[in-house]
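Engineer: Compact mmCIF, C-alpha atoms and all ligand atoms, saved as query.txt, coming up:
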```
# COMPACT_ATOMS: atom_id res chain seq x y z
CA MET M 20 -16.97 33.60 -73.50
CA PRO M 21 -13.32 32.92 -72.71
CA LYS M 22 -11.32 35.93 -71.61
CA LEU M 23 -8.39 36.93 -73.79
CA ARG M 24 -5.73 39.22 -72.33
CA ALA M 25 -2.82 39.02 -74.74
CA ILE M 26 -1.99 38.30 -78.36
CA PHE M 27 1.53 37.50 -79.53
CA PHE M 28 2.42 37.53 -83.19
CA ASP M 29 5.02 35.79 -85.28
CA ILE M 30 7.00 38.10 -87.60
CA ASP M 31 8.09 36.22 -90.73
CA ASP M 32 5.34 35.38 -93.17
CA THR M 33 2.79 36.60 -90.61
CA LEU M 34 3.29 40.37 -90.33
CA TYR M 35 4.94 40.61 -93.76
CA SER M 36 5.71 38.37 -96.69
CA THR M 37 9.21 37.20 -95.91
CA SER M 38 9.30 34.98 -98.97
CA GLU M 39 8.31 37.78 -101.32
CA PHE M 40 10.77 40.19 -99.74
CA ALA M 41 13.66 37.70 -99.84
CA GLU M 42 12.98 37.07 -103.51
CA LEU M 43 13.09 40.81 -104.29
CA ALA M 44 16.19 41.44 -102.23
CA ARG M 45 18.14 38.49 -103.61
CA SER M 46 17.31 39.29 -107.17
CA ALA M 47 18.30 42.95 -106.69
CA ALA M 48 21.58 41.76 -105.18
CA ILE M 49 22.27 39.48 -108.13
CA ASP M 50 21.61 42.27 -110.64
CA SER M 51 23.90 44.56 -108.73
CA MET M 52 26.71 41.99 -108.62
CA ILE M 53 26.39 41.48 -112.36
CA ASP M 54 26.60 45.26 -112.84
CA ALA M 55 29.73 45.27 -110.71
CA GLY M 56 31.37 42.79 -113.06
CA LEU M 57 30.30 39.28 -112.12
CA ASP M 58 30.17 37.56 -115.47
CA LEU M 59 27.63 34.77 -115.02
CA ASP M 60 23.98 34.47 -115.93
CA ARG M 61 21.35 35.27 -113.34
CA GLU M 62 20.12 31.69 -113.05
CA ALA M 63 23.59 30.31 -112.37
CA ILE M 64 24.18 32.89 -109.64
CA ARG M 65 20.74 32.29 -108.20
CA GLU M 66 21.32 28.56 -107.99
CA GLU M 67 24.67 28.99 -106.26
CA LEU M 68 23.26 31.59 -103.86
CA ASP M 69 20.35 29.32 -102.93
CA GLU M 70 22.85 26.58 -102.18
CA VAL M 71 24.91 28.90 -99.97
CA ILE M 72 21.80 29.99 -98.05
CA HIS M 73 20.78 26.39 -97.64
CA GLU M 74 24.21 25.30 -96.43
CA PHE M 75 24.96 28.25 -94.14
CA SER M 76 21.37 29.17 -93.08
CA SER M 77 19.51 32.36 -93.86
CA ASN M 78 20.92 34.07 -90.76
CA TYR M 79 24.52 33.68 -91.88
CA GLU M 80 26.10 37.10 -92.49
CA HIS M 81 28.38 36.38 -95.43
CA HIS M 82 26.33 34.79 -98.19
CA PHE M 83 27.79 36.89 -100.97
CA ASP M 84 31.39 36.33 -99.84
CA ARG M 85 30.79 32.59 -99.89
CA LEU M 86 29.15 32.86 -103.27
CA LEU M 87 32.24 34.57 -104.71
CA LEU M 88 34.61 32.07 -103.07
CA ARG M 89 32.74 29.29 -104.83
CA THR M 90 32.75 31.04 -108.20
CA PRO M 91 35.71 30.38 -110.53
CA ARG M 92 37.97 33.40 -110.79
CA ARG M 93 37.50 33.65 -114.57
CA HIS M 94 33.97 34.95 -113.95
CA TYR M 95 35.30 38.13 -112.34
CA LYS M 96 38.70 38.42 -113.91
CA GLY M 97 40.57 41.59 -112.98
CA ILE M 98 37.91 42.75 -110.53
CA ASN M 99 38.38 42.84 -106.78
CA PRO M 100 35.77 40.36 -105.46
CA ALA M 101 35.12 42.65 -102.47
CA ILE M 102 33.58 45.19 -104.87
CA ILE M 103 31.17 42.58 -106.17
CA VAL M 104 30.29 41.47 -102.65
CA ALA M 105 29.73 45.08 -101.59
CA ALA M 106 27.49 45.66 -104.62
CA GLY M 107 25.35 42.70 -103.58
CA VAL M 108 25.18 43.78 -99.94
CA MET M 109 24.27 47.34 -100.90
CA ALA M 110 21.42 46.25 -103.18
CA TYR M 111 20.13 43.93 -100.48
CA HIS M 112 20.05 46.72 -97.90
CA GLU M 113 18.49 49.18 -100.31
CA THR M 114 15.71 46.69 -100.97
CA LYS M 115 15.22 46.46 -97.22
CA SER M 116 14.71 50.17 -96.84
CA ARG M 117 12.39 50.42 -99.83
CA ARG M 118 10.43 47.19 -99.78
CA LEU M 119 10.34 45.64 -96.33
CA ALA M 120 6.76 46.48 -95.49
CA PRO M 121 4.08 44.81 -93.42
CA TYR M 122 0.85 43.53 -94.90
CA GLU M 123 -1.49 46.49 -94.97
CA ASP M 124 -4.23 44.62 -93.12
CA ALA M 125 -1.72 43.63 -90.43
CA ILE M 126 -1.00 47.28 -89.71
CA GLU M 127 -4.66 48.28 -89.78
CA VAL M 128 -5.70 45.53 -87.40
CA LEU M 129 -2.78 46.11 -85.03
CA ARG M 130 -3.70 49.78 -84.98
CA LEU M 131 -7.32 48.98 -84.14
CA LEU M 132 -6.47 46.44 -81.48
CA SER M 133 -3.96 48.72 -79.80
CA SER M 134 -6.19 51.78 -79.81
CA LYS M 135 -9.63 50.24 -79.16
CA THR M 136 -8.96 47.33 -76.82
CA ASP M 137 -6.97 46.75 -73.65
CA LEU M 138 -5.31 43.65 -75.07
CA LEU M 139 -1.61 43.31 -74.52
CA LEU M 140 0.03 42.95 -77.95
CA GLY M 141 3.43 41.40 -78.42
CA VAL M 142 5.74 39.35 -80.57
CA ILE M 143 7.37 35.97 -80.13
CA SER M 144 9.90 35.46 -82.88
CA GLU M 145 12.55 32.98 -83.91
CA GLY M 146 15.85 34.49 -84.98
CA LEU M 147 18.72 36.83 -84.20
CA GLU M 148 17.77 39.63 -81.86
CA VAL M 149 18.89 42.66 -83.86
CA LYS M 150 17.76 41.18 -87.16
CA GLN M 151 14.25 40.48 -85.90
CA ALA M 152 14.08 43.77 -83.98
CA GLU M 153 15.15 45.63 -87.12
CA LYS M 154 12.20 44.15 -88.99
CA LEU M 155 9.79 45.45 -86.33
CA VAL M 156 11.37 48.89 -86.41
CA ARG M 157 11.40 49.06 -90.22
CA MET M 158 7.76 48.00 -90.39
CA ARG M 159 6.93 50.65 -87.78
CA VAL M 160 4.89 48.24 -85.70
CA THR M 161 6.57 48.79 -82.34
CA GLN M 162 4.14 51.66 -81.69
CA PHE M 163 1.36 49.05 -81.42
CA LEU M 164 3.22 46.59 -79.20
CA SER M 165 3.84 46.56 -75.47
CA PRO M 166 7.53 47.31 -75.13
CA ASN M 167 7.96 44.51 -72.59
CA ALA M 168 6.20 41.94 -74.80
CA ILE M 169 8.80 41.38 -77.50
CA PHE M 170 10.44 37.98 -77.21
CA ILE M 171 13.19 36.90 -79.61
CA SER M 172 14.54 33.37 -79.40
CA ASN M 173 18.22 34.17 -79.70
CA GLN M 174 17.97 36.77 -76.96
CA LEU M 175 16.38 34.29 -74.56
CA GLY M 176 18.48 31.30 -75.49
CA ILE M 177 15.36 29.27 -76.26
CA SER M 178 14.42 28.40 -79.82
CA LYS M 179 11.19 27.42 -81.48
CA PRO M 180 9.72 24.83 -81.36
CA ASN M 181 10.57 24.57 -77.65
CA PRO M 182 7.32 25.40 -75.80
CA LYS M 183 9.44 27.05 -73.07
CA LEU M 184 9.74 30.06 -75.35
CA TYR M 185 5.99 30.57 -75.19
CA GLN M 186 5.88 29.74 -71.50
CA ARG M 187 8.52 32.35 -70.84
CA ALA M 188 6.52 35.05 -72.63
CA CYS M 189 3.43 34.24 -70.56
CA SER M 190 5.21 33.99 -67.22
CA ASP M 191 7.23 37.19 -67.74
CA LEU M 192 3.98 39.08 -68.19
CA ASN M 193 1.98 37.22 -65.55
CA LEU M 194 -0.39 35.78 -68.13
CA ARG M 195 -2.11 32.46 -67.93
CA PRO M 196 -1.52 30.58 -71.21
CA ALA M 197 -5.28 30.09 -71.59
CA GLU M 198 -5.75 33.87 -71.76
CA SER M 199 -2.95 34.27 -74.28
CA MET M 200 -2.98 33.77 -78.01
CA TYR M 201 -0.27 33.14 -80.58
CA VAL M 202 -0.66 33.87 -84.28
CA GLY M 203 1.83 32.38 -86.74
CA ASP M 204 2.29 30.66 -90.09
CA ASN M 205 4.51 27.69 -89.27
CA PRO M 206 2.40 24.73 -88.11
CA LEU M 207 5.16 22.88 -86.25
CA HIS M 208 6.74 25.96 -84.66
CA ASP M 209 3.78 28.25 -84.18
CA ILE M 210 0.81 25.96 -83.56
CA ASP M 211 1.92 22.79 -81.77
CA PRO M 212 4.17 24.36 -79.08
CA PRO M 213 1.70 27.05 -77.88
CA ASN M 214 -1.10 24.47 -78.07
CA SER M 215 0.92 22.14 -75.85
CA ILE M 216 1.01 24.69 -73.01
CA GLY M 217 -2.65 25.64 -73.37
CA MET M 218 -2.34 28.89 -75.31
CA VAL M 219 -4.81 29.69 -78.07
CA ALA M 220 -2.93 29.03 -81.33
CA VAL M 221 -4.16 30.69 -84.51
CA ARG M 222 -2.72 29.76 -87.88
CA MET M 223 -2.13 32.51 -90.42
CA ARG M 224 -2.34 30.58 -93.65
CA ARG M 225 -1.59 33.10 -96.30
CA SER M 226 1.80 32.64 -97.94
CA GLY M 227 5.27 31.34 -97.26
CA LYS M 228 7.04 28.02 -97.30
CA TYR M 229 4.85 26.31 -94.70
CA TYR M 230 1.62 26.96 -96.53
CA HIS M 231 1.12 23.30 -97.45
CA GLU M 232 2.25 21.81 -94.14
CA GLU M 233 -0.05 20.68 -91.34
CA SER M 234 0.33 20.86 -87.58
CA ASN M 235 -0.01 17.77 -85.38
CA SER M 236 -2.53 19.50 -83.14
CA LYS M 237 -5.49 21.52 -84.33
CA PRO M 238 -5.21 25.31 -84.42
CA ALA M 239 -8.02 27.17 -82.66
CA ARG M 240 -8.70 28.83 -86.01
CA VAL M 241 -7.11 29.13 -89.43
CA VAL M 242 -7.24 32.63 -90.92
CA GLN M 243 -6.10 34.01 -94.26
CA ASN M 244 -5.51 37.60 -93.31
CA PHE M 245 -5.89 40.02 -90.42
CA TRP M 246 -9.47 41.00 -91.23
CA ASP M 247 -10.41 37.32 -90.92
CA PHE M 248 -8.53 37.29 -87.68
CA LEU M 249 -10.41 40.31 -86.37
CA ASP M 250 -13.74 38.61 -87.18
CA TYR M 251 -12.61 35.58 -85.23
CA LEU M 252 -11.73 37.73 -82.20
CA GLY M 253 -15.19 39.27 -82.35
CA GLN M 254 -17.00 35.94 -82.66
CA GLU M 255 -15.09 33.91 -80.12
CA PHE M 256 -13.82 36.44 -77.60
CA ASP M 257 -16.26 39.31 -77.93
CA ILE M 258 -13.47 41.68 -78.90
CA LYS M 259 -15.06 44.53 -80.77
CA VAL M 260 -13.20 47.42 -82.34
MG MG M 301 6.74 32.77 -89.56
```
Let me see whether you can do it: turn the structure in this file into structure tokens.
Ligand SMILES: [Mg+2]
Structural biologist:
Amino acid sequence: MPKLRAIFFDIDDTLYSTSEFAELARSAAIDSMIDAGLDLDREAIREELDEVIHEFSSNYEHHFDRLLLRTPRRHYKGINPAIIVAAGVMAYHETKSRRLAPYEDAIEVLRLLSSKTDLLLGVISEGLEVKQAEKLVRMRVTQFLSPNAIFISNQLGISKPNPKLYQRACSDLNLRPAESMYVGDNPLHDIDPPNSIGMVAVRMRRSGKYYHEESNSKPARVVQNFWDFLDYLGQEFDIKV
């Protein structure tokens, strides 16, 4: 049986449902902006906000400011737009503290792998360093990860789908790619690049916007949740917990 020494995980739509969370947070923000005096129907705000996110990217820090700039003044007559923006931001952050939670099976399996095996567990994630790190801290998963095995694209100056990101994680930890595994949901970012350097690439096909897309190369296995994944580790790598 092949020897496996390390498993790296994707964060968004792998450890938690990013899509579900974003939906909750955005809709809470919209309600809160309406309460603060934005006089437009939810659908109209939603459409405009989706456009802003699309145009400025999801990592942009001022979605609600842009939204207000694009909204005719008559829809918030007599109200300081900063109050409406703040209401949106507040609701978004409150949703984060209440609802940003990992999949339950993700936590259970990470707990088992970290306590019952000598596998090195880490993360390779695309995004802004503090934003991605905050997700790990909020989900309380850092306790299961090796502190030196958290790799965030913006912090390294290498973005997915560049395979160098994966190479860097392996070389920093003295791992051969063949003994290292990556688990993620995005076929073009999470399967093809690690495959191209000889890592074991596992596709988490569970939710999210890439659900219907296919990778160019074949994943070692497609799993639907972390229990599936644990079975696979037992069958193919003799990892028993
Ligand atoms: Mg993802």
Engineer: Give me, as a count of residues only, all polymer residues having an atom no more than 9 Å from M:Val104, counting only C-alpha atoms and skipping those fewer than 3 positions away in the same chain.
Structural biologist: 12
Engineer: Could you report the residues within 6 Å of ligand MG 301 (chain M), using all atoms listed in the file, as a ChimeraX atom specification?
Structural biologist: /M:29-33,203-205
Engineer: Would you give me, as a Markdown table, each residue of stretch 100-190 of chain M having an atom within 12 Å of an atom of stretch 210-233 of chain M, along with its shortest atom pair and that distance in Å to one decimal, using all atoms listed in the file and sorting by chain and residue number?
Structural biologist:
```
| residue | atom | partner | partner_atom | distance |
| --- | --- | --- | --- | --- |
| M:Tyr122 | CA | M:Arg225 | CA | 10.8 |
| M:Ala125 | CA | M:Met223 | CA | 11.1 |
| M:Ile143 | CA | M:Pro213 | CA | 10.8 |
| M:Ser178 | CA | M:Pro212 | CA | 11.0 |
| M:Lys179 | CA | M:Pro212 | CA | 8.0 |
| M:Pro180 | CA | M:Pro212 | CA | 6.0 |
| M:Asn181 | CA | M:Pro212 | CA | 6.6 |
| M:Pro182 | CA | M:Pro212 | CA | 4.7 |
| M:Lys183 | CA | M:Pro212 | CA | 8.4 |
| M:Leu184 | CA | M:Pro212 | CA | 8.8 |
| M:Tyr185 | CA | M:Pro213 | CA | 6.2 |
| M:Gln186 | CA | M:Ile216 | CA | 7.2 |
| M:Arg187 | CA | M:Ile216 | CA | 10.9 |
| M:Ala188 | CA | M:Pro213 | CA | 10.7 |
| M:Cys189 | CA | M:Met218 | CA | 9.2 |
| M:Ser190 | CA | M:Ile216 | CA | 11.7 |
```
Engineer: Have a look at M:Ala105, M:Pro21, M:Ile171, M:Asp209 and name the one nearest to M:Ser236; count all atoms listed in the file.
Structural biologist: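 The shortest atom-to-atom distance to M:Ser236 comes from M:Asp209.
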Engineer: Report as an mmCIF file with C-alpha atoms, keeping the file's coordinate frame all protein, DNA and RNA residues lying within 8 Å of M:Phe163, evaluated on all atoms listed in the file, omitting residues in the same chain fewer than 6 positions from it.
Structural biologist:
```
data_model
loop_
_atom_site.group_PDB
_atom_site.id
_atom_site.type_symbol
_atom_site.label_atom_id
_atom_site.label_comp_id
_atom_site.auth_asym_id
_atom_site.auth_seq_id
_atom_site.Cartn_x
_atom_site.Cartn_y
_atom_site.Cartn_z
ATOM 1 C CA LEU M 129 -2.780 46.110 -85.030
ATOM 2 C CA ARG M 130 -3.700 49.780 -84.980
ATOM 3 C CA SER M 133 -3.960 48.720 -79.800
ATOM 4 C CA LEU M 140 0.030 42.950 -77.950
#
```
Engineer: Could you tell me how far atom CA of M:Glu113 sits from atom CA of M:Val156, in Å to one decimal place?
Structural biologist: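 Between atom CA of M:Val156 and atom CA of M:Glu113 the gap works out to 15.6 Å.
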Engineer: Would you mind telling me which residue in M:Phe27, M:Phe75, M:Tyr111, M:Tyr35 lies nearest to M:Gly141 when using all atoms listed in the file?
Structural biologist: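 Nearest candidate to M:Gly141 out of M:Phe27, M:Phe75, M:Tyr111, M:Tyr35: M:Phe27.
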Engineer: Figure out the distance between atom CA of M:Arg45 and atom CA of M:Glu67, please, to one decimal in Å.
Structural biologist: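 Distance reported for this atom pair: 11.8 Å.
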Engineer: Using 3 Å of padding on each side, determine the axis-aligned box around all atoms of stretch 52-61 of chain M present in the file and give its centre and edge lengths in Å to one decimal, as AutoDock Vina command-line options.
Structural biologist:
```
--center_x 26.4 --center_y 39.9 --center_z -112.3 --size_x 16.0 --size_y 16.8 --size_z 13.3
```
Engineer: Using only C-alpha atoms, which protein or nucleic acid residues come within 8 Å of M:Phe245? Drop anything in the same chain fewer than 3 positions from it, and give the result as number ranges by chain.
Structural biologist: M: 124-125, 128, 242, 248-249
Engineer: For the residues selected in the previous step, produce a file with C-alpha atoms as an mmCIF file, in the coordinates of the input.
Structural biologist:
```cif
data_model
loop_
_atom_site.group_PDB
_atom_site.id
_atom_site.type_symbol
_atom_site.label_atom_id
_atom_site.label_comp_id
_atom_site.auth_asym_id
_atom_site.auth_seq_id
_atom_site.Cartn_x
_atom_site.Cartn_y
_atom_site.Cartn_z
ATOM 1 C CA ASP M 124 -4.230 44.620 -93.120
ATOM 2 C CA ALA M 125 -1.720 43.630 -90.430
ATOM 3 C CA VAL M 128 -5.700 45.530 -87.400
ATOM 4 C CA VAL M 242 -7.240 32.630 -90.920
ATOM 5 C CA PHE M 248 -8.530 37.290 -87.680
ATOM 6 C CA LEU M 249 -10.410 40.310 -86.370
#
```
Engineer: Give me, please, the distance in Å between atom CA of M:Lys22 and atom CA of M:Ile126, quoted to one decimal.
Structural biologist: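 So the answer is 23.7 Å.
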Engineer: I'd like the contact shell of stretch 250-252 of chain M - 12 Å cut-off, only C-alpha atoms, skipping same-chain residues fewer than 5 positions apart - returned as JSON, numbers by chain.
Structural biologist: {"M": [20, 21, 22, 23, 24, 25, 26, 128, 132, 136, 138, 200, 202, 219, 221, 222, 239, 240, 241, 242, 243, 244, 245, 257, 258, 259, 260]}
Engineer: Would you mind telling me which residue in M:Gly97, M:Gly146, M:Pro196, M:Pro206 lies nearest to M:Ile177 when using all atoms listed in the file?
Structural biologist: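 Closest residue, counting all atoms listed in the file: M:Gly146.
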Engineer: Taking into account all atoms listed in the file, which residue in the set M:Ala110, M:Val71, M:Leu131, M:Ala152 is nearest to M:Arg89?
Structural biologist: M:Val71
Engineer: Which one is closest to M:His94: M:Glu198, M:Asp191, M:Asp58, M:Glu153? Count all atoms listed in the file.
Structural biologist: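 Closest candidate: M:Asp58.
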